[in-house]
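**Q** Dropping in target24.txt, with compact mmCIF, C-alpha atoms.
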```txt
# COMPACT_ATOMS: atom_id res chain seq x y z
CA MET A 1 -4.06 -98.53 -6.60
CA PRO A 2 -2.80 -99.74 -3.23
CA THR A 3 0.92 -99.61 -2.53
CA TRP A 4 2.96 -101.89 -0.28
CA GLY A 5 1.90 -101.70 3.37
CA CYS A 6 -1.42 -100.08 2.51
CA LEU A 7 -3.78 -101.28 5.24
CA GLY A 8 -6.57 -98.73 4.93
CA LEU A 9 -8.59 -97.25 2.12
CA GLN A 10 -6.82 -96.00 -1.01
CA ASP A 11 -6.26 -92.27 -1.47
CA SER A 12 -9.45 -90.85 -2.90
CA ALA A 13 -9.70 -89.36 -6.36
CA SER A 14 -13.31 -88.26 -6.08
CA PRO A 15 -15.22 -86.02 -3.63
CA LEU A 16 -17.59 -88.83 -2.64
CA MET A 17 -14.74 -91.19 -1.83
CA GLU A 18 -13.21 -88.45 0.30
CA GLN A 19 -16.44 -88.26 2.30
CA LEU A 20 -16.51 -92.05 2.60
CA THR A 21 -12.95 -91.98 3.96
CA TYR A 22 -13.87 -89.36 6.56
CA PHE A 23 -16.93 -91.40 7.57
CA HIS A 24 -14.72 -94.46 7.98
CA ASP A 25 -12.44 -92.46 10.28
CA HIS A 26 -15.45 -91.27 12.30
CA THR A 27 -16.76 -94.82 12.70
CA MET A 28 -13.29 -96.06 13.66
CA PHE A 29 -13.21 -93.41 16.40
CA ILE A 30 -16.37 -94.88 17.91
CA LEU A 31 -15.16 -98.45 17.46
CA ILE A 32 -11.87 -97.73 19.23
CA LEU A 33 -13.83 -96.16 22.10
CA ILE A 34 -16.04 -99.23 22.48
CA THR A 35 -13.30 -101.82 21.97
CA THR A 36 -10.98 -100.26 24.53
CA LEU A 37 -13.77 -100.00 27.10
CA VAL A 38 -15.02 -103.54 26.60
CA GLY A 39 -11.53 -105.01 26.27
CA TYR A 40 -10.31 -103.53 29.54
CA ILE A 41 -13.46 -104.66 31.41
CA LEU A 42 -13.14 -108.13 29.86
CA ILE A 43 -9.52 -108.54 30.95
CA ASN A 44 -10.35 -107.28 34.39
CA SER A 45 -13.28 -109.67 34.78
CA THR A 46 -11.09 -112.58 33.73
CA LEU A 47 -8.38 -111.75 36.27
CA ASN A 48 -10.80 -110.89 39.08
CA SER A 49 -11.03 -113.27 42.06
CA LEU A 50 -14.15 -111.64 43.57
CA ILE A 51 -17.71 -112.61 42.66
CA ASN A 52 -21.06 -110.98 43.33
CA ARG A 53 -23.26 -113.54 45.00
CA PHE A 54 -26.35 -111.34 44.73
CA LEU A 55 -26.17 -110.45 41.07
CA LEU A 56 -29.76 -110.76 39.91
CA GLU A 57 -32.08 -108.39 37.99
CA ASN A 58 -29.90 -105.31 38.20
CA GLN A 59 -32.21 -102.80 36.57
CA GLU A 60 -29.75 -99.90 36.57
CA ILE A 61 -27.04 -101.67 34.60
CA GLU A 62 -29.61 -103.10 32.18
CA ILE A 63 -30.89 -99.60 31.43
CA ILE A 64 -27.35 -98.25 31.03
CA TRP A 65 -26.21 -100.90 28.60
CA THR A 66 -29.35 -100.55 26.51
CA VAL A 67 -29.49 -96.77 26.29
CA LEU A 68 -25.78 -96.15 25.79
CA PRO A 69 -25.44 -98.37 22.67
CA ALA A 70 -28.58 -96.76 21.24
CA ILE A 71 -27.02 -93.32 21.63
CA ILE A 72 -23.78 -94.55 20.07
CA LEU A 73 -25.71 -95.95 17.10
CA ILE A 74 -27.38 -92.59 16.56
CA PHE A 75 -23.95 -90.97 16.35
CA ILE A 76 -22.99 -93.48 13.68
CA ALA A 77 -26.28 -93.34 11.79
CA MET A 78 -26.45 -89.57 11.32
CA PRO A 79 -23.37 -89.14 9.11
CA SER A 80 -24.08 -92.50 7.49
CA LEU A 81 -27.53 -91.45 6.27
CA ARG A 82 -26.19 -88.09 5.13
CA LEU A 83 -23.60 -89.87 3.00
CA LEU A 84 -26.10 -92.42 1.75
CA TYR A 85 -28.35 -89.73 0.34
CA LEU A 86 -25.39 -87.78 -1.00
CA LEU A 87 -24.25 -90.83 -2.98
CA ASP A 88 -27.73 -91.19 -4.48
CA GLU A 89 -28.11 -87.62 -5.63
CA THR A 90 -28.99 -87.18 -9.25
CA ASN A 91 -26.73 -84.85 -11.17
CA ASN A 92 -26.56 -83.78 -14.77
CA SER A 93 -23.92 -86.02 -16.21
CA SER A 94 -21.95 -84.80 -19.19
CA ILE A 95 -21.06 -88.22 -20.53
CA THR A 96 -22.68 -91.63 -20.42
CA ILE A 97 -20.52 -94.72 -20.76
CA LYS A 98 -21.85 -98.24 -20.95
CA THR A 99 -19.89 -101.15 -19.60
CA ILE A 100 -20.78 -104.77 -20.08
CA GLY A 101 -19.20 -107.63 -18.21
CA HIS A 102 -18.32 -110.80 -20.04
CA GLN A 103 -16.51 -113.96 -19.12
CA TRP A 104 -13.78 -112.76 -18.70
CA TYR A 105 -13.35 -109.20 -19.91
CA TRP A 106 -15.14 -105.87 -19.90
CA SER A 107 -16.47 -104.06 -22.96
CA TYR A 108 -17.10 -100.34 -23.08
CA GLU A 109 -19.30 -98.18 -25.29
CA TYR A 110 -19.12 -94.42 -25.64
CA SER A 111 -22.40 -93.91 -27.49
CA ASP A 112 -22.69 -90.16 -26.88
CA PHE A 113 -20.19 -89.47 -29.60
CA LEU A 114 -19.17 -91.45 -32.60
CA ASP A 115 -20.06 -94.84 -31.19
CA VAL A 116 -16.71 -95.80 -29.79
CA GLU A 117 -16.66 -99.41 -28.61
CA PHE A 118 -13.85 -101.62 -27.41
CA ASP A 119 -13.06 -104.62 -25.26
CA SER A 120 -10.69 -104.52 -22.31
CA PHE A 121 -8.76 -107.70 -21.54
CA MET A 122 -6.17 -108.19 -18.83
CA ALA A 123 -2.70 -107.64 -20.26
CA PRO A 124 -0.33 -110.61 -20.02
CA TYR A 125 2.26 -110.05 -17.34
CA SER A 126 5.64 -108.76 -18.39
CA ILE A 127 8.12 -108.27 -15.59
CA ASP A 128 9.47 -104.87 -16.56
CA SER A 129 6.51 -103.14 -18.11
CA ASN A 130 3.27 -103.54 -16.26
CA LEU A 131 1.44 -104.33 -13.03
CA ARG A 132 0.54 -108.00 -12.60
CA LEU A 133 -3.23 -108.70 -12.65
CA LEU A 134 -4.04 -104.99 -12.96
CA ASP A 135 -2.98 -103.83 -16.41
CA VAL A 136 -5.29 -104.04 -19.40
CA ASP A 137 -4.80 -103.76 -23.12
CA ASN A 138 -7.38 -100.99 -23.67
CA ARG A 139 -7.88 -98.46 -20.91
CA ILE A 140 -10.98 -96.34 -20.28
CA PRO A 141 -10.27 -92.63 -20.87
CA ILE A 142 -12.39 -90.35 -18.69
CA PRO A 143 -12.36 -86.54 -18.77
CA LEU A 144 -11.19 -84.77 -15.59
CA ASN A 145 -13.62 -82.92 -13.30
CA THR A 146 -16.58 -84.08 -15.38
CA GLN A 147 -19.66 -85.84 -14.08
CA ILE A 148 -19.75 -89.31 -15.62
CA ARG A 149 -22.74 -91.61 -15.79
CA LEU A 150 -21.82 -95.27 -16.04
CA ILE A 151 -24.41 -97.85 -17.03
CA ILE A 152 -23.38 -101.33 -16.08
CA SER A 153 -24.70 -104.64 -17.27
CA ALA A 154 -23.48 -108.12 -18.11
CA ALA A 155 -23.77 -110.54 -20.99
CA ASP A 156 -23.52 -113.88 -19.24
CA VAL A 157 -23.11 -114.16 -15.46
CA ILE A 158 -23.04 -111.58 -12.69
CA HIS A 159 -19.89 -109.46 -12.51
CA SER A 160 -19.17 -106.31 -10.52
CA TRP A 161 -17.51 -103.14 -11.74
CA THR A 162 -15.50 -101.20 -9.19
CA ILE A 163 -12.81 -98.57 -8.75
CA PRO A 164 -11.97 -98.33 -5.01
CA SER A 165 -10.26 -94.93 -5.19
CA LEU A 166 -13.41 -93.44 -6.73
CA GLY A 167 -15.74 -95.13 -4.26
CA VAL A 168 -17.68 -96.81 -7.05
CA LYS A 169 -18.97 -100.36 -7.09
CA ALA A 170 -22.02 -101.83 -8.80
CA ASP A 171 -23.02 -105.29 -9.86
CA ALA A 172 -23.21 -106.10 -13.53
CA ILE A 173 -26.29 -108.27 -13.82
CA PRO A 174 -27.52 -109.83 -17.07
CA GLY A 175 -30.82 -108.34 -18.16
CA ARG A 176 -30.47 -105.33 -15.83
CA LEU A 177 -28.98 -101.88 -16.11
CA ASN A 178 -27.33 -100.43 -13.02
CA GLN A 179 -26.33 -96.79 -13.00
CA VAL A 180 -23.54 -95.12 -11.05
CA SER A 181 -22.35 -91.55 -11.22
CA PHE A 182 -18.92 -90.26 -10.35
CA LEU A 183 -16.46 -87.44 -10.88
CA VAL A 184 -12.68 -87.77 -10.99
CA ASN A 185 -10.85 -84.73 -9.66
CA ARG A 186 -7.27 -85.90 -10.21
CA PRO A 187 -5.50 -87.00 -13.39
CA GLY A 188 -3.88 -90.40 -13.39
CA LEU A 189 -4.51 -94.12 -13.60
CA PHE A 190 -7.12 -95.73 -11.36
CA TYR A 191 -7.40 -99.48 -11.00
CA GLY A 192 -10.15 -101.88 -10.10
CA GLN A 193 -10.92 -105.58 -10.32
CA CYS A 194 -14.06 -107.60 -10.93
CA SER A 195 -15.83 -107.96 -7.60
CA GLU A 196 -18.34 -110.75 -8.12
CA ILE A 197 -17.32 -114.35 -8.61
CA CYS A 198 -17.91 -115.14 -12.24
CA GLY A 199 -15.94 -118.25 -13.09
CA ALA A 200 -12.41 -119.48 -13.56
CA ASN A 201 -10.88 -116.15 -14.57
CA HIS A 202 -12.79 -113.91 -12.18
CA SER A 203 -9.49 -112.60 -10.78
CA PHE A 204 -8.19 -111.83 -14.25
CA MET A 205 -10.55 -109.17 -15.58
CA PRO A 206 -9.30 -105.87 -14.20
CA ILE A 207 -10.54 -102.34 -14.85
CA LEU A 208 -8.27 -99.40 -15.61
CA ILE A 209 -9.39 -95.80 -15.94
CA GLU A 210 -7.23 -93.04 -17.43
CA SER A 211 -8.30 -89.66 -16.12
CA ILE A 212 -7.23 -87.08 -18.73
CA SER A 213 -7.98 -83.48 -19.62
CA VAL A 214 -11.18 -82.70 -21.52
CA ASP A 215 -9.23 -81.63 -24.62
CA SER A 216 -7.25 -84.85 -24.69
CA PHE A 217 -10.42 -86.83 -24.18
CA LEU A 218 -12.14 -85.14 -27.11
CA ASN A 219 -9.06 -85.76 -29.26
CA TRP A 220 -9.11 -89.40 -28.30
CA VAL A 221 -12.81 -89.78 -29.06
CA SER A 222 -12.48 -88.16 -32.47
CA SER A 223 -9.49 -90.34 -33.34
CA ASN A 224 -11.25 -93.58 -32.34
CA PRO A 225 -14.35 -93.98 -34.46
CA LEU B 1 1.65 -114.92 84.95
CA PRO B 2 -1.33 -115.47 87.36
CA HIS B 3 0.28 -112.72 89.48
CA VAL B 4 0.16 -110.37 86.47
CA LEU B 5 -3.42 -111.31 85.65
CA SER B 6 -4.79 -110.54 89.11
CA ASN B 7 -3.14 -107.14 89.01
CA THR B 8 -4.68 -105.97 85.77
CA ALA B 9 -7.99 -104.11 85.69
CA PRO B 10 -10.77 -105.45 83.39
CA SER B 11 -10.79 -102.28 81.24
CA SER B 12 -7.22 -102.75 80.27
CA LEU B 13 -7.56 -106.46 79.53
CA HIS B 14 -7.43 -105.95 75.75
CA HIS B 15 -4.25 -103.96 76.20
CA TYR B 16 -2.88 -106.95 78.08
CA HIS B 17 -3.84 -109.25 75.17
CA LEU B 18 -2.22 -106.92 72.74
CA SER B 19 0.87 -106.65 74.90
CA LEU B 20 1.09 -110.44 75.18
CA HIS B 21 0.89 -110.66 71.42
CA LEU B 22 3.49 -107.96 70.99
CA ALA B 23 5.84 -109.57 73.50
CA GLY B 24 5.42 -112.95 71.87
CA GLY B 25 4.71 -114.31 75.31
CA CYS B 26 8.41 -114.87 76.01
CA ALA B 27 10.66 -113.13 78.55
CA PRO B 28 9.02 -111.60 81.62
CA SER B 29 11.08 -108.42 81.25
CA THR B 30 9.79 -107.89 77.69
CA LEU B 31 6.27 -108.59 78.82
CA THR B 32 6.55 -106.08 81.62
CA ALA B 33 7.87 -103.46 79.22
CA ALA B 34 5.05 -104.13 76.77
CA LEU B 35 2.43 -103.92 79.48
CA THR B 36 3.87 -100.62 80.59
CA ALA B 37 3.74 -99.28 77.05
CA ALA B 38 0.16 -100.50 76.65
CA LYS B 39 -0.93 -98.77 79.82
CA ALA B 40 0.86 -95.54 78.81
CA THR B 41 -0.60 -95.19 75.20
CA THR B 42 -3.79 -96.46 73.48
CA MET B 43 -2.89 -98.66 70.50
CA THR B 44 -5.47 -99.84 68.01
CA ILE B 45 -5.18 -100.89 64.41
CA ALA B 46 -7.69 -99.82 61.75
CA LYS B 47 -10.49 -102.26 61.13
CA PRO B 48 -9.88 -103.88 57.74
CA VAL B 49 -12.52 -103.36 55.04
CA MET B 50 -14.62 -106.49 54.95
CA ARG B 51 -17.49 -105.58 52.61
CA GLY B 52 -18.15 -103.88 49.30
CA LEU B 53 -14.84 -105.02 47.80
CA LEU B 54 -16.26 -105.96 44.44
CA ALA B 55 -18.36 -102.81 44.20
CA SER B 56 -15.40 -100.54 44.91
CA GLN B 57 -13.24 -102.51 42.50
CA ILE B 58 -15.89 -102.24 39.79
CA LYS B 59 -16.25 -98.51 40.32
CA ARG B 60 -12.48 -98.01 40.12
CA ASN B 61 -12.15 -100.21 37.03
CA ILE B 62 -15.03 -98.55 35.19
CA ILE B 63 -13.45 -95.15 35.75
CA ILE B 64 -10.09 -96.46 34.49
CA ALA B 65 -11.77 -98.15 31.48
CA CYS B 66 -13.66 -94.98 30.53
CA GLY B 67 -10.49 -92.93 30.87
CA LEU B 68 -8.46 -95.38 28.75
CA SER B 69 -11.09 -95.51 26.03
CA ILE B 70 -11.35 -91.71 25.87
CA VAL B 71 -7.55 -91.47 25.62
CA ALA B 72 -7.42 -94.11 22.86
CA ALA B 73 -10.23 -92.52 20.84
CA THR B 74 -8.81 -89.03 21.26
CA SER B 75 -5.41 -90.31 20.10
CA TRP B 76 -7.03 -91.71 16.95
CA LYS B 77 -8.75 -88.39 16.32
CA LEU B 78 -5.66 -86.26 16.91
CA LEU B 79 -3.13 -88.53 15.20
CA VAL B 80 -5.12 -89.92 12.26
CA GLN B 81 -8.52 -88.36 11.64
CA ASP B 82 -7.74 -84.64 11.86
CA PRO B 83 -4.35 -84.87 10.08
CA ARG B 84 -5.98 -86.77 7.21
CA LYS B 85 -8.56 -83.99 6.68
CA ARG B 86 -5.80 -81.39 6.89
CA ILE B 87 -3.64 -83.25 4.36
CA TYR B 88 -6.50 -83.49 1.86
CA ALA B 89 -7.38 -79.81 2.32
CA GLU B 90 -3.76 -78.75 1.78
CA PHE B 91 -3.38 -81.04 -1.22
CA TYR B 92 -6.37 -79.58 -3.02
CA LYS B 93 -5.86 -75.96 -1.90
CA ASN B 94 -3.42 -75.07 -4.68
CA TYR B 95 -3.84 -78.14 -6.84
CA ASP B 96 -3.36 -77.61 -10.54
CA ALA B 97 -4.98 -80.59 -12.24
CA GLN B 98 -3.90 -79.51 -15.72
CA ALA B 99 -0.23 -79.20 -14.72
CA GLU B 100 -0.36 -82.59 -13.04
CA PHE B 101 -2.01 -84.08 -16.13
CA ASP B 102 0.73 -82.63 -18.38
CA ARG B 103 3.41 -84.01 -16.06
CA ILE B 104 1.96 -87.52 -16.13
CA ARG B 105 1.36 -87.33 -19.88
CA ASN B 106 4.94 -86.29 -20.57
CA LEU B 107 6.14 -89.27 -18.56
CA GLY B 108 4.44 -91.42 -21.18
CA LEU B 109 2.05 -93.10 -18.74
CA PHE B 110 -1.14 -92.50 -20.71
CA THR B 111 -2.07 -94.50 -23.80
CA SER B 112 -4.89 -92.21 -24.94
CA CYS B 113 -2.65 -89.15 -25.27
CA LYS B 114 0.97 -88.82 -26.22
CA PRO B 115 3.75 -86.80 -24.57
CA ASP B 116 4.71 -83.41 -26.03
CA GLY B 117 6.76 -83.83 -29.14
CA GLU B 118 5.51 -87.27 -30.02
CA VAL B 119 3.40 -87.64 -33.12
CA GLU B 120 0.09 -89.49 -32.96
CA GLU B 121 0.17 -92.68 -35.01
```
Please, can you express the file's structure as structure tokens?
**A**
Amino acid sequence: MPTWGCLGLQDSASPLMEQLTYFHDHTMFILILITTLVGYILINSTLNSLINRFLLENQEIEIIWTVLPAIILIFIAMPSLRLLYLLDETNNSSITIKTIGHQWYWSYEYSDFLDVEFDSFMAPYSIDSNLRLLDVDNRIPIPLNTQIRLIISAADVIHSWTIPSLGVKADAIPGRLNQVSFLVNRPGLFYGQCSEICGANHSFMPILIESISVDSFLNWVSSNP
Amino acid sequence: LPHVLSNTAPSSLHHYHLSLHLAGGCAPSTLTAALTAAKATTMTIAKPVMRGLLASQIKRNIIIACGLSIVAATSWKLLVQDPRKRIYAEFYKNYDAQAEFDRIRNLGLFTSCKPDGEVEE
């Protein structure tokens, strides 16, 4: 989850989110280059008292400011496409979890095992025990370092399931199954919030993942029929 | 003054004009001294640049803008981008996920598993 003063992306807990963070840094490098160049020229043009009376059809500058942006875009597109295809790679997931969005809570089904199902509502705020608008009554346990397949749908209106620190977001659309795949490489608690406007309590249906060891996960599954 | 004019040769007329200007056209003694100086040494000032001002300004400003943008982008790379990769690499180099999981579990932060010593309900 973000902490106070957090302006950028959250610390990643998954290899794909790490790559997304590095790509963001790479793109920011190019943006700073362009913004500084254009900003300085803009300020200079504003403060300049000289004008070019013969400024018409300057072919050289037209070629420069067409070709240069094209080259810059290629430098952005190459890592972007690499990451795009990396995110879409199929991998043999060990576990499949289904999540269904409702107004205004999420329900989860672990059908691989003993048909574990539960609903996850936002926990009412209590000043000394939980995080406002982020805590839930039933968390989602996920085994560490295990490829997870998540199938997302909705029962009523469109919702969106997301965990920013894992780099996962997918719409939950009624009548449709969306699939995402992720791996958590750190233990801990990872928070998300519904990301598609879905009514009055859209801001009050958070998501909370507990990343635990495989043994603990199997214990939990067997103790929650 | 007419006396001075008739005594000056045409080739040194511009020196006379310059001398007049220098003397301010005041006292005859100053004027005489200035004329003498003008005849003794050749004084000219550099012709001021009258054309191509915008072009030279643009060239200078584009060089400065390119330099500034390279400095800014390189600062981002050296101060943010590369350190972030290094920090992640160092974090995961000797990372023990199981030990970290046990530490968090024993703090009582998980609901799906209890700390050591606590009995499952």
**Q** Using all atoms listed in the file, which residues sit within 10 Å of Gly67 of chain B once same-chain residues fewer than 5 positions away are excluded, as a list in words?
**A** Leu33, Thr36 and Leu37 of chain A; Asn61, Ile62 and Ala72 of chain B
**Q** Considering only C-alpha atoms, extract the chain B residues located within 6 Å of chain A and return them as a list of chain:residue names.
**A**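 Selected residues: B:Ala65, B:Ser69, B:Ala73, B:Gln81, B:Phe101.
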**Q** Just to confirm, what's the straight-line distance from atom CA of Ile158 of chain A to atom CA of Ile173 of chain A in Å (one decimal)?
**A**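 Answer for the atom CA of Ile158 of chain A to atom CA of Ile173 of chain A separation: 4.8 Å.
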**Q** Any idea what the distance is between atom CA of Phe190 of chain A and atom CA of Ile87 of chain B?
**A** 20.4 Å
**Q** Could you tell me how far atom CA of Met1 of chain A sits from atom CA of Thr90 of chain A, in Å to one decimal place?
**A** 27.5 Å
